[in-house]
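A.B. asks: Dropping in structure.csv, with CSV, C-alpha atoms and all ligand atoms.
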chain,number,residue,atom,x,y,z
A,1237,MET,CA,-57.8,-117.3,24.1
A,1238,ARG,CA,-59.3,-116.1,27.2
A,1239,ARG,CA,-62.6,-117.9,26.5
A,1240,VAL,CA,-60.7,-121.1,25.8
A,1241,LEU,CA,-58.9,-120.9,29.1
A,1242,ALA,CA,-62.1,-120.2,30.9
A,1243,GLY,CA,-63.6,-123.3,29.3
A,1244,ILE,CA,-60.7,-125.4,30.3
A,1245,ALA,CA,-60.9,-124.1,33.7
A,1246,LEU,CA,-64.5,-124.9,34.2
A,1247,THR,CA,-63.8,-128.5,33.3
A,1248,ALA,CA,-60.7,-128.5,35.5
A,1249,CYS,CA,-62.5,-127.0,38.4
A,1250,ALA,CA,-65.2,-129.6,38.2
A,1251,GLY,CA,-62.6,-132.3,38.1
A,1252,GLY,CA,-60.6,-130.7,40.9
A,1253,ALA,CA,-56.9,-131.8,41.5
A,1254,ALA,CA,-53.8,-130.9,39.7
A,1255,LEU,CA,-54.3,-128.1,37.3
A,1256,GLY,CA,-51.7,-126.8,34.8
A,1257,ILE,CA,-50.7,-123.2,34.8
A,1258,ALA,CA,-53.1,-122.3,32.0
A,1259,ALA,CA,-56.0,-124.0,33.7
A,1260,ARG,CA,-55.2,-122.2,37.0
A,1261,GLY,CA,-55.1,-119.0,35.1
A,1262,GLY,CA,-58.4,-119.9,33.5
A,1263,HIS,CA,-59.9,-120.9,36.9
A,1264,GLU,CA,-59.4,-117.3,38.0
A,1265,THR,CA,-61.0,-116.0,34.9
A,1266,ALA,CA,-64.0,-118.4,35.2
A,1267,THR,CA,-64.8,-117.6,38.8
A,1268,ALA,CA,-63.9,-113.9,38.9
A,1269,ALA,CA,-67.1,-112.1,39.4
A,1270,ARG,CA,-67.1,-108.3,39.8
A,1271,ALA,CA,-67.1,-107.2,43.3
A,1272,PRO,CA,-70.5,-105.9,44.6
A,1273,VAL,CA,-70.9,-102.2,45.0
A,1274,VAL,CA,-72.2,-100.6,48.2
A,1275,ALA,CA,-72.8,-97.0,49.1
A,1276,PRO,CA,-72.3,-96.6,52.8
A,1277,ALA,CA,-74.0,-93.6,54.4
A,1278,PRO,CA,-71.6,-91.3,56.4
A,1279,LEU,CA,-72.0,-91.4,60.2
A,1280,ALA,CA,-70.6,-87.9,60.9
A,1281,ARG,CA,-69.1,-84.9,59.1
A,1282,HIS,CA,-66.4,-82.6,60.3
A,1283,PRO,CA,-64.7,-79.5,58.8
A,1284,HIS,CA,-61.5,-80.0,56.7
A,1285,ALA,CA,-59.0,-77.3,55.6
A,1286,THR,CA,-59.6,-76.4,52.0
A,1287,ASP,CA,-56.0,-75.6,51.4
A,1288,ALA,CA,-55.1,-79.3,51.9
A,1289,TYR,CA,-54.6,-81.1,48.6
A,1290,THR,CA,-55.0,-84.3,50.5
A,1291,GLU,CA,-52.7,-87.2,49.5
A,1292,GLY,CA,-52.4,-89.2,52.7
A,1293,LEU,CA,-54.3,-89.5,55.9
A,1294,VAL,CA,-53.5,-91.4,59.1
A,1295,TRP,CA,-55.2,-91.7,62.4
A,1296,LEU,CA,-53.1,-92.7,65.4
A,1297,PRO,CA,-54.3,-94.0,68.8
A,1298,GLY,CA,-54.7,-91.2,71.3
A,1299,GLY,CA,-56.7,-89.1,68.9
A,1300,ALA,CA,-54.2,-87.7,66.4
A,1301,LEU,CA,-55.0,-87.2,62.7
A,1302,TYR,CA,-52.1,-86.7,60.4
A,1303,GLU,CA,-52.3,-85.5,56.8
A,1304,SER,CA,-49.9,-85.3,53.9
A,1305,THR,CA,-50.7,-82.6,51.3
A,1306,GLY,CA,-49.5,-82.3,47.8
A,1307,MET,CA,-48.8,-79.7,45.1
A,1308,TYR,CA,-45.4,-78.2,44.5
A,1309,GLY,CA,-44.9,-75.2,46.8
A,1310,ALA,CA,-47.8,-76.2,49.1
A,1311,SER,CA,-46.9,-79.7,50.2
A,1312,SER,CA,-46.8,-80.4,53.9
A,1313,LEU,CA,-47.1,-82.8,56.8
A,1314,ARG,CA,-49.7,-81.7,59.3
A,1315,GLN,CA,-51.3,-82.8,62.5
A,1316,VAL,CA,-55.0,-81.9,62.4
A,1317,ARG,CA,-57.8,-81.8,64.9
A,1318,ARG,CA,-60.6,-84.0,63.7
A,1319,ALA,CA,-63.6,-82.2,65.2
A,1320,THR,CA,-62.7,-78.7,63.8
A,1321,GLY,CA,-60.2,-79.4,61.0
A,1322,ALA,CA,-57.8,-77.0,62.7
A,1323,VAL,CA,-54.1,-77.5,61.9
A,1324,ILE,CA,-52.3,-78.1,65.2
A,1325,ARG,CA,-48.8,-78.4,63.7
A,1326,SER,CA,-47.5,-78.3,60.2
A,1327,ARG,CA,-44.2,-78.9,58.4
A,1328,ALA,CA,-43.7,-77.6,54.9
A,1329,LEU,CA,-41.9,-79.7,52.3
A,1330,PRO,CA,-39.2,-78.1,50.1
A,1331,ARG,CA,-40.8,-76.5,47.0
A,1332,ALA,CA,-39.3,-79.2,44.7
A,1333,TYR,CA,-41.3,-82.0,46.5
A,1334,PHE,CA,-44.9,-83.0,45.9
A,1335,GLY,CA,-46.2,-84.8,49.1
A,1336,GLU,CA,-48.0,-88.1,48.6
A,1337,GLY,CA,-48.9,-91.2,50.8
A,1338,LEU,CA,-48.4,-91.2,54.5
A,1339,ALA,CA,-48.1,-94.1,57.0
A,1340,ALA,CA,-47.1,-94.8,60.5
A,1341,ALA,CA,-44.2,-97.1,61.3
A,1342,GLY,CA,-43.6,-97.3,65.0
A,1343,SER,CA,-42.9,-93.8,66.4
A,1344,ARG,CA,-42.2,-92.5,62.9
A,1345,LEU,CA,-44.4,-91.3,60.0
A,1346,VAL,CA,-43.2,-92.1,56.5
A,1347,GLN,CA,-44.3,-89.7,53.7
A,1348,LEU,CA,-43.9,-90.4,50.0
A,1349,THR,CA,-43.3,-87.9,47.3
A,1350,TRP,CA,-44.8,-88.1,43.8
A,1351,ARG,CA,-41.9,-88.0,41.3
A,1352,GLU,CA,-39.0,-87.2,43.5
A,1353,HIS,CA,-38.1,-90.8,44.5
A,1354,THR,CA,-37.8,-89.6,48.1
A,1355,ALA,CA,-39.6,-90.6,51.3
A,1356,PHE,CA,-39.4,-88.3,54.3
A,1357,VAL,CA,-39.4,-90.0,57.7
A,1358,TRP,CA,-40.7,-87.9,60.6
A,1359,ASP,CA,-40.8,-88.3,64.4
A,1360,ARG,CA,-44.6,-88.3,65.0
A,1361,ARG,CA,-44.4,-86.5,68.3
A,1362,THR,CA,-42.2,-83.6,67.3
A,1363,LEU,CA,-42.8,-83.6,63.5
A,1364,ARG,CA,-39.0,-83.4,63.1
A,1365,ARG,CA,-37.6,-84.9,60.0
A,1366,VAL,CA,-35.3,-87.7,61.0
A,1367,ARG,CA,-34.2,-89.3,57.7
A,1368,THR,CA,-35.0,-89.8,54.1
A,1369,PHE,CA,-35.3,-92.9,51.8
A,1370,ARG,CA,-34.8,-93.2,48.1
A,1371,TYR,CA,-37.0,-95.5,46.0
A,1372,ALA,CA,-37.7,-96.2,42.4
A,1373,GLY,CA,-40.7,-95.1,40.5
A,1374,GLU,CA,-43.6,-92.8,41.5
A,1375,GLY,CA,-44.9,-92.6,45.0
A,1376,TRP,CA,-48.8,-92.5,45.4
A,1377,GLY,CA,-50.3,-94.1,48.5
A,1378,LEU,CA,-48.8,-95.7,51.6
A,1379,ALA,CA,-50.3,-97.7,54.5
A,1380,THR,CA,-49.1,-100.0,57.2
A,1381,LEU,CA,-50.3,-103.6,57.3
A,1382,GLU,CA,-48.9,-106.3,59.6
A,1383,GLY,CA,-45.5,-104.7,60.0
A,1384,ARG,CA,-45.0,-103.9,56.3
A,1385,LEU,CA,-45.5,-100.7,54.4
A,1386,VAL,CA,-47.9,-101.1,51.5
A,1387,MET,CA,-47.2,-98.7,48.6
A,1388,SER,CA,-49.1,-97.8,45.4
A,1389,ASN,CA,-47.7,-96.1,42.4
A,1390,GLY,CA,-50.7,-95.4,40.2
A,1391,SER,CA,-50.7,-98.9,38.7
A,1392,ALA,CA,-52.7,-101.9,39.8
A,1393,VAL,CA,-49.7,-103.3,41.7
A,1394,LEU,CA,-49.3,-102.9,45.4
A,1395,ARG,CA,-45.8,-103.4,46.8
A,1396,PHE,CA,-45.1,-104.6,50.3
A,1397,LEU,CA,-41.9,-103.0,51.8
A,1398,ASP,CA,-39.8,-103.6,54.9
A,1399,PRO,CA,-40.3,-100.3,56.8
A,1400,ALA,CA,-36.7,-100.3,58.1
A,1401,THR,CA,-35.0,-100.7,54.7
A,1402,PHE,CA,-37.7,-99.8,52.2
A,1403,ARG,CA,-36.8,-103.0,50.4
A,1404,GLU,CA,-39.6,-104.8,48.5
A,1405,VAL,CA,-40.8,-108.0,50.2
A,1406,ARG,CA,-43.5,-109.0,47.8
A,1407,ARG,CA,-46.1,-107.5,45.5
A,1408,VAL,CA,-49.7,-108.2,44.5
A,1409,ARG,CA,-51.7,-107.2,41.4
A,1410,VAL,CA,-55.2,-105.9,42.3
A,1411,THR,CA,-58.0,-107.2,40.2
A,1412,ASP,CA,-61.8,-106.9,40.1
A,1413,GLY,CA,-63.6,-109.4,38.0
A,1414,GLY,CA,-60.3,-110.7,36.8
A,1415,ARG,CA,-59.3,-107.3,35.4
A,1416,PRO,CA,-56.6,-105.1,36.9
A,1417,VAL,CA,-57.7,-102.1,38.9
A,1418,THR,CA,-55.3,-99.3,37.9
A,1419,ARG,CA,-54.8,-95.9,39.4
A,1420,LEU,CA,-54.7,-97.1,43.0
A,1421,ASN,CA,-54.0,-94.1,45.1
A,1422,GLU,CA,-54.3,-93.4,48.9
A,1423,LEU,CA,-54.4,-96.5,51.0
A,1424,GLU,CA,-55.4,-97.7,54.5
A,1425,ALA,CA,-55.3,-101.1,56.2
A,1426,VAL,CA,-58.7,-101.7,57.9
A,1427,HIS,CA,-59.5,-105.0,59.6
A,1428,GLY,CA,-56.7,-106.7,57.7
A,1429,GLU,CA,-57.9,-105.6,54.3
A,1430,ILE,CA,-56.6,-102.7,52.2
A,1431,TRP,CA,-58.8,-99.9,51.3
A,1432,ALA,CA,-57.7,-97.9,48.2
A,1433,ASN,CA,-58.9,-94.7,46.6
A,1434,VAL,CA,-59.1,-95.1,42.8
A,1435,TRP,CA,-57.8,-91.9,41.3
A,1436,GLN,CA,-60.4,-89.8,39.5
A,1437,ARG,CA,-63.3,-91.9,40.8
A,1438,ASP,CA,-65.4,-91.5,43.9
A,1439,ASP,CA,-64.7,-95.1,44.7
A,1440,ILE,CA,-62.8,-97.0,47.3
A,1441,VAL,CA,-62.0,-100.6,46.6
A,1442,VAL,CA,-61.6,-103.0,49.5
A,1443,ILE,CA,-58.8,-105.5,48.7
A,1444,ASP,CA,-57.8,-108.9,50.0
A,1445,PRO,CA,-54.0,-108.3,50.5
A,1446,ALA,CA,-53.2,-112.0,49.9
A,1447,THR,CA,-54.8,-112.4,46.5
A,1448,GLY,CA,-55.3,-108.8,45.3
A,1449,ARG,CA,-58.9,-109.4,44.7
A,1450,VAL,CA,-61.4,-106.6,45.3
A,1451,ARG,CA,-64.0,-107.9,47.8
A,1452,VAL,CA,-66.3,-105.0,47.7
A,1453,ARG,CA,-66.3,-101.5,46.0
A,1454,LEU,CA,-67.6,-98.5,47.9
A,1455,ASP,CA,-69.4,-95.9,45.8
A,1456,LEU,CA,-68.9,-92.7,47.7
A,1457,SER,CA,-70.2,-90.3,45.0
A,1458,GLY,CA,-73.0,-89.4,47.4
A,1459,LEU,CA,-70.6,-87.6,49.7
A,1460,ARG,CA,-70.2,-84.7,47.2
A,1461,GLY,CA,-73.8,-83.7,47.7
A,1462,ARG,CA,-73.1,-83.4,51.4
A,1463,LEU,CA,-70.2,-80.9,50.9
A,1464,PRO,CA,-70.9,-77.3,51.8
A,1465,GLY,CA,-70.9,-75.0,48.8
A,1466,GLY,CA,-68.0,-73.0,47.6
A,1467,GLY,CA,-64.4,-73.8,47.1
A,1468,ARG,CA,-63.1,-76.1,44.5
A,1469,PRO,CA,-63.3,-79.7,45.8
A,1470,GLU,CA,-61.3,-82.1,43.6
A,1471,VAL,CA,-61.2,-85.9,43.8
A,1472,LEU,CA,-62.0,-88.1,46.7
A,1473,ASN,CA,-58.7,-89.0,48.5
A,1474,GLY,CA,-57.6,-89.7,52.0
A,1475,ILE,CA,-58.5,-92.7,54.1
A,1476,ALA,CA,-57.7,-93.2,57.8
A,1477,TRP,CA,-58.9,-95.8,60.3
A,1478,ASP,CA,-59.8,-94.9,63.9
A,1479,ARG,CA,-59.5,-98.3,65.3
A,1480,ALA,CA,-60.8,-97.5,68.8
A,1481,ARG,CA,-64.1,-96.1,67.4
A,1482,ASP,CA,-64.0,-98.4,64.4
A,1483,ARG,CA,-64.7,-95.6,62.0
A,1484,VAL,CA,-63.0,-94.8,58.7
A,1485,LEU,CA,-62.3,-91.2,58.0
A,1486,VAL,CA,-62.4,-90.0,54.4
A,1487,THR,CA,-62.0,-86.7,52.6
A,1488,GLY,CA,-60.8,-85.3,49.3
A,1489,LYS,CA,-58.4,-82.9,47.8
A,1490,TRP,CA,-59.4,-79.4,48.8
A,1491,TRP,CA,-62.6,-80.8,50.3
A,1492,PRO,CA,-64.2,-78.7,53.0
A,1493,SER,CA,-65.4,-81.8,54.9
A,1494,LEU,CA,-64.1,-85.0,56.4
A,1495,PHE,CA,-66.6,-87.8,56.8
A,1496,GLU,CA,-66.8,-90.8,59.1
A,1497,LEU,CA,-67.9,-94.1,57.6
A,1498,PRO,CA,-68.5,-97.5,59.2
A,1499,ALA,CA,-65.3,-99.6,59.2
A,1500,ARG,CA,-67.0,-102.9,58.6
A,1501,VAL,CA,-68.6,-103.1,55.2
A,1502,PRO,CA,-70.2,-106.5,54.5
A,1503,ALA,CA,-70.8,-107.3,50.9
A,1504,PRO,CA,-74.5,-107.5,50.1
A,1505,SER,CA,-75.8,-111.1,50.1
B,1,CA,CA,-54.2,-93.7,54.8
Go through the file and emit its structure as structure tokens.
C.D. replies:
Amino acid sequence: MRRVLAGIALTACAGGAALGIAARGGHETATAARAPVVAPAPLARHPHATDAYTEGLVWLPGGALYESTGMYGASSLRQVRRATGAVIRSRALPRAYFGEGLAAAGSRLVQLTWREHTAFVWDRRTLRRVRTFRYAGEGWGLATLEGRLVMSNGSAVLRFLDPATFREVRRVRVTDGGRPVTRLNELEAVHGEIWANVWQRDDIVVIDPATGRVRVRLDLSGLRGRLPGGGRPEVLNGIAWDRARDRVLVTGKWWPSLFELPARVPAPS
């Protein structure tokens, strides 16, 4: 059936003009090439606390790095010094909550939890908890894009939420080569695109938020070889954009290092 639709679409595309639903679906199939893969070299490396099971990472103007860590009994919100990895301030979550994605919304930080259907809202200056939200489903990654929160839940779907009410405004299914990209985890909005860790892969996909299509895939498996020995580094996770320096900061769960990457990643021609 898929081949038939693709065949129809090729004809329809050549003919242009009004396409039926099937043809439009086929058009996507026929033209959906897999995103190119690039492996950007890191520009800098900094220490990172190895007790941080990193689930969310945010950089705010003025030089503040915030991190959400997971695991029951070890989840926290922390403010971290980039150059040294030192924790400046930290707030522990109650033991029954597993910290997940983190995003800035005005003067607040919003932190998801994995299966507890609860978002904690923090004052970013004092790290005082100011309110909580409830939401349906699992919470994985969170980012801020053009006044909306963007949320992942381990599927290929990204939901766009009103940051004041947490109500869903729209959603998009993320695809690469016409196929859904599942296990989208930690998120960051960079130059109007969404960068997403893919859980259990050393990949970040760069997504067009309007269409959900992956423009380019970053293979960051080379970062593992640059980690100092020891510890028990788990999967790559954690993306933050330092807009002023135009660098993207990435790390991993229990990783001893935080890396800086170029924030502009052109696809190979
Ligand atoms: Ca992030």
A.B. asks: Provide the atom CA of A:Ala1392 to atom CA of A:Asn1433 distance in Å, to one decimal place.
C.D. replies: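 Those two atoms sit 11.7 Å apart.
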A.B. asks: With distances taken over all atoms listed in the file, which residue among A:Leu1385, A:Leu1293, A:Ala1332, A:Ala1275 lies nearest A:Ile1475?
C.D. replies: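 Among the listed residues, the smallest separation from A:Ile1475 belongs to A:Leu1293.
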A.B. asks: I need the residue nearest A:Val1405 from this list: A:Gly1383, A:Ser1505, A:Arg1500, A:Ala1425. Use only C-alpha atoms for the distance.
C.D. replies: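 Closest to A:Val1405, using only C-alpha atoms: A:Gly1383.
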A.B. asks: Report, in Å with one decimal, the straight-line distance from atom CA of A:Ala1379 to atom CA of A:Gly1306.
C.D. replies: 16.8 Å
A.B. asks: Counting all atoms listed in the file, which protein, DNA or RNA residues come within 10 Å of ligand CA 1 (chain B), given as an NGL selection string?
C.D. replies: :A and (1291-1295 or 1302-1304 or 1337-1340 or 1377-1380 or 1421-1426 or 1430-1433 or 1473-1477 or 1484-1486)
A.B. asks: Report the distance between atom CA of A:Gly1298 and atom CA of A:Arg1344 in Å, rounded to one decimal place.
C.D. replies: 15.1 Å
A.B. asks: Around (-66.6, -100.2, 64.4) in the file's own coordinates, what residues are found within 12 Å if you use all atoms listed in the file, given back as a PyMOL selection string?
C.D. replies: chain A and resi 1279+1426-1427+1477-1485+1496-1501
A.B. asks: Return the single residue from A:Arg1367, A:His1353, A:Arg1437, A:Arg1281 that is closest to A:Gly1321, with distances computed using only C-alpha atoms.
C.D. replies: A:Arg1281
A.B. asks: Using all atoms listed in the file, find the one residue out of A:Asp1455, A:Glu1429, A:Asp1444, A:Asp1439 that sits nearest to A:Val1408.
C.D. replies: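 So, comparing all the options, the nearest one is A:Asp1444.
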A.B. asks: Find the residues around stretch 1456-1460 of chain A up to 12 Å (all atoms listed in the file counted), leave out those fewer than 4 positions away in its own chain, and share them as a VMD selection string.
C.D. replies: chain A and resid 1273 to 1281 1433 to 1434 1436 to 1441 1464 to 1466 1468 to 1473 1486 to 1489 1491 to 1497
A.B. asks: A:Ala1319, A:Leu1394, A:Ile1324, A:Leu1313: which is nearest A:Leu1348, counting only C-alpha atoms?
C.D. replies: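 Looking at the shortest contact to A:Leu1348, the residue is A:Leu1313.
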A.B. asks: Got a sec: who's within 6 Å of A:Arg1325, counting all atoms listed in the file, leaving out chain neighbours fewer than 2 positions off, as an mmCIF file with C-alpha atoms, in the coordinates of the input?
C.D. replies:
data_model
loop_
_atom_site.group_PDB
_atom_site.id
_atom_site.type_symbol
_atom_site.label_atom_id
_atom_site.label_comp_id
_atom_site.auth_asym_id
_atom_site.auth_seq_id
_atom_site.Cartn_x
_atom_site.Cartn_y
_atom_site.Cartn_z
ATOM 1 C CA ARG A 1314 -49.700 -81.700 59.300
ATOM 2 C CA GLN A 1315 -51.300 -82.800 62.500
ATOM 3 C CA VAL A 1323 -54.100 -77.500 61.900
#
A.B. asks: For A:Thr1447, please output as a ChimeraX atom specification all residues within 10 Å (counting all atoms listed in the file; exclusion window: fewer than 4 positions along the same chain).
C.D. replies: /A:1408-1411,1443
A.B. asks: Keeping only C-alpha atoms, write the selected residues to a file as a PDB file, in the frame of the given file.
C.D. replies:
ATOM      1  CA  VAL A1408     -49.700-108.200  44.500  1.00  0.00           C
ATOM      2  CA  ARG A1409     -51.700-107.200  41.400  1.00  0.00           C
ATOM      3  CA  VAL A1410     -55.200-105.900  42.300  1.00  0.00           C
ATOM      4  CA  THR A1411     -58.000-107.200  40.200  1.00  0.00           C
ATOM      5  CA  ILE A1443     -58.800-105.500  48.700  1.00  0.00           C
TER       6      ILE A1443
END
A.B. asks: Add whatever atoms are absent from stretch 1440-1471 of chain A to reach N, CA and C atoms, and provide the output as a PDB file, in the frame of the given file.
C.D. replies:
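Now in part15.pdb:
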ATOM      1  N   ILE A1440     -63.860 -96.320  46.542  1.00  0.00           N
ATOM      2  CA  ILE A1440     -62.800 -97.000  47.300  1.00  0.00           C
ATOM      3  C   ILE A1440     -62.961 -98.468  47.090  1.00  0.00           C
ATOM      4  N   VAL A1441     -61.885 -99.153  46.754  1.00  0.00           N
ATOM      5  CA  VAL A1441     -62.000-100.600  46.600  1.00  0.00           C
ATOM      6  C   VAL A1441     -61.371-101.242  47.888  1.00  0.00           C
ATOM      7  N   VAL A1442     -62.018-102.316  48.340  1.00  0.00           N
ATOM      8  CA  VAL A1442     -61.600-103.000  49.500  1.00  0.00           C
ATOM      9  C   VAL A1442     -60.940-104.347  49.045  1.00  0.00           C
ATOM     10  N   ILE A1443     -59.632-104.479  49.338  1.00  0.00           N
ATOM     11  CA  ILE A1443     -58.800-105.500  48.700  1.00  0.00           C
ATOM     12  C   ILE A1443     -58.337-106.553  49.656  1.00  0.00           C
ATOM     13  N   ASP A1444     -58.388-107.804  49.227  1.00  0.00           N
ATOM     14  CA  ASP A1444     -57.800-108.900  50.000  1.00  0.00           C
ATOM     15  C   ASP A1444     -56.258-108.814  49.707  1.00  0.00           C
ATOM     16  N   PRO A1445     -55.436-108.529  50.730  1.00  0.00           N
ATOM     17  CA  PRO A1445     -54.000-108.300  50.500  1.00  0.00           C
ATOM     18  C   PRO A1445     -53.270-109.584  50.036  1.00  0.00           C
ATOM     19  N   ALA A1446     -53.839-110.748  50.300  1.00  0.00           N
ATOM     20  CA  ALA A1446     -53.200-112.000  49.900  1.00  0.00           C
ATOM     21  C   ALA A1446     -53.332-112.265  48.415  1.00  0.00           C
ATOM     22  N   THR A1447     -54.536-112.023  47.888  1.00  0.00           N
ATOM     23  CA  THR A1447     -54.800-112.400  46.500  1.00  0.00           C
ATOM     24  C   THR A1447     -54.899-111.150  45.582  1.00  0.00           C
ATOM     25  N   GLY A1448     -55.095-109.978  46.153  1.00  0.00           N
ATOM     26  CA  GLY A1448     -55.300-108.800  45.300  1.00  0.00           C
ATOM     27  C   GLY A1448     -56.707-108.609  44.839  1.00  0.00           C
ATOM     28  N   ARG A1449     -57.581-109.532  45.163  1.00  0.00           N
ATOM     29  CA  ARG A1449     -58.900-109.400  44.700  1.00  0.00           C
ATOM     30  C   ARG A1449     -59.753-108.390  45.437  1.00  0.00           C
ATOM     31  N   VAL A1450     -60.546-107.618  44.698  1.00  0.00           N
ATOM     32  CA  VAL A1450     -61.400-106.600  45.300  1.00  0.00           C
ATOM     33  C   VAL A1450     -62.646-107.373  45.875  1.00  0.00           C
ATOM     34  N   ARG A1451     -62.881-107.241  47.181  1.00  0.00           N
ATOM     35  CA  ARG A1451     -64.000-107.900  47.800  1.00  0.00           C
ATOM     36  C   ARG A1451     -65.297-107.118  47.643  1.00  0.00           C
ATOM     37  N   VAL A1452     -65.161-105.834  47.804  1.00  0.00           N
ATOM     38  CA  VAL A1452     -66.300-105.000  47.700  1.00  0.00           C
ATOM     39  C   VAL A1452     -65.845-103.584  47.240  1.00  0.00           C
ATOM     40  N   ARG A1453     -66.668-102.890  46.503  1.00  0.00           N
ATOM     41  CA  ARG A1453     -66.300-101.500  46.000  1.00  0.00           C
ATOM     42  C   ARG A1453     -67.293-100.564  46.672  1.00  0.00           C
ATOM     43  N   LEU A1454     -66.760 -99.508  47.255  1.00  0.00           N
ATOM     44  CA  LEU A1454     -67.600 -98.500  47.900  1.00  0.00           C
ATOM     45  C   LEU A1454     -67.808 -97.333  46.956  1.00  0.00           C
ATOM     46  N   ASP A1455     -69.051 -97.068  46.677  1.00  0.00           N
ATOM     47  CA  ASP A1455     -69.400 -95.900  45.800  1.00  0.00           C
ATOM     48  C   ASP A1455     -69.686 -94.751  46.784  1.00  0.00           C
ATOM     49  N   LEU A1456     -68.773 -93.787  46.809  1.00  0.00           N
ATOM     50  CA  LEU A1456     -68.900 -92.700  47.700  1.00  0.00           C
ATOM     51  C   LEU A1456     -69.260 -91.366  46.986  1.00  0.00           C
ATOM     52  N   SER A1457     -69.828 -91.523  45.785  1.00  0.00           N
ATOM     53  CA  SER A1457     -70.200 -90.300  45.000  1.00  0.00           C
ATOM     54  C   SER A1457     -71.228 -89.486  45.747  1.00  0.00           C
ATOM     55  N   GLY A1458     -72.005 -90.128  46.652  1.00  0.00           N
ATOM     56  CA  GLY A1458     -73.000 -89.400  47.400  1.00  0.00           C
ATOM     57  C   GLY A1458     -72.453 -88.375  48.366  1.00  0.00           C
ATOM     58  N   LEU A1459     -71.171 -88.520  48.706  1.00  0.00           N
ATOM     59  CA  LEU A1459     -70.600 -87.600  49.700  1.00  0.00           C
ATOM     60  C   LEU A1459     -70.495 -86.163  49.068  1.00  0.00           C
ATOM     61  N   ARG A1460     -70.325 -86.078  47.779  1.00  0.00           N
ATOM     62  CA  ARG A1460     -70.200 -84.700  47.200  1.00  0.00           C
ATOM     63  C   ARG A1460     -71.399 -83.872  47.431  1.00  0.00           C
ATOM     64  N   GLY A1461     -72.583 -84.478  47.414  1.00  0.00           N
ATOM     65  CA  GLY A1461     -73.800 -83.700  47.700  1.00  0.00           C
ATOM     66  C   GLY A1461     -73.914 -83.237  49.105  1.00  0.00           C
ATOM     67  N   ARG A1462     -73.080 -83.774  49.977  1.00  0.00           N
ATOM     68  CA  ARG A1462     -73.100 -83.400  51.400  1.00  0.00           C
ATOM     69  C   ARG A1462     -72.036 -82.328  51.694  1.00  0.00           C
ATOM     70  N   LEU A1463     -71.247 -81.939  50.690  1.00  0.00           N
ATOM     71  CA  LEU A1463     -70.200 -80.900  50.900  1.00  0.00           C
ATOM     72  C   LEU A1463     -70.881 -79.536  50.929  1.00  0.00           C
ATOM     73  N   PRO A1464     -70.455 -78.670  51.848  1.00  0.00           N
ATOM     74  CA  PRO A1464     -70.900 -77.300  51.800  1.00  0.00           C
ATOM     75  C   PRO A1464     -70.522 -76.649  50.481  1.00  0.00           C
ATOM     76  N   GLY A1465     -71.247 -75.644  50.050  1.00  0.00           N
ATOM     77  CA  GLY A1465     -70.900 -75.000  48.800  1.00  0.00           C
ATOM     78  C   GLY A1465     -69.644 -74.202  48.839  1.00  0.00           C
ATOM     79  N   GLY A1466     -69.200 -73.784  47.667  1.00  0.00           N
ATOM     80  CA  GLY A1466     -68.000 -73.000  47.600  1.00  0.00           C
ATOM     81  C   GLY A1466     -66.746 -73.822  47.459  1.00  0.00           C
ATOM     82  N   GLY A1467     -65.649 -73.138  47.281  1.00  0.00           N
ATOM     83  CA  GLY A1467     -64.400 -73.800  47.100  1.00  0.00           C
ATOM     84  C   GLY A1467     -64.277 -74.543  45.807  1.00  0.00           C
ATOM     85  N   ARG A1468     -63.309 -75.384  45.705  1.00  0.00           N
ATOM     86  CA  ARG A1468     -63.100 -76.100  44.500  1.00  0.00           C
ATOM     87  C   ARG A1468     -62.699 -77.551  44.789  1.00  0.00           C
ATOM     88  N   PRO A1469     -63.611 -78.294  45.423  1.00  0.00           N
ATOM     89  CA  PRO A1469     -63.300 -79.700  45.800  1.00  0.00           C
ATOM     90  C   PRO A1469     -62.897 -80.495  44.591  1.00  0.00           C
ATOM     91  N   GLU A1470     -61.782 -81.200  44.721  1.00  0.00           N
ATOM     92  CA  GLU A1470     -61.300 -82.100  43.600  1.00  0.00           C
ATOM     93  C   GLU A1470     -61.672 -83.507  43.950  1.00  0.00           C
ATOM     94  N   VAL A1471     -60.812 -84.465  43.653  1.00  0.00           N
ATOM     95  CA  VAL A1471     -61.200 -85.900  43.800  1.00  0.00           C
ATOM     96  C   VAL A1471     -61.181 -86.366  45.217  1.00  0.00           C
TER      97      VAL A1471
END
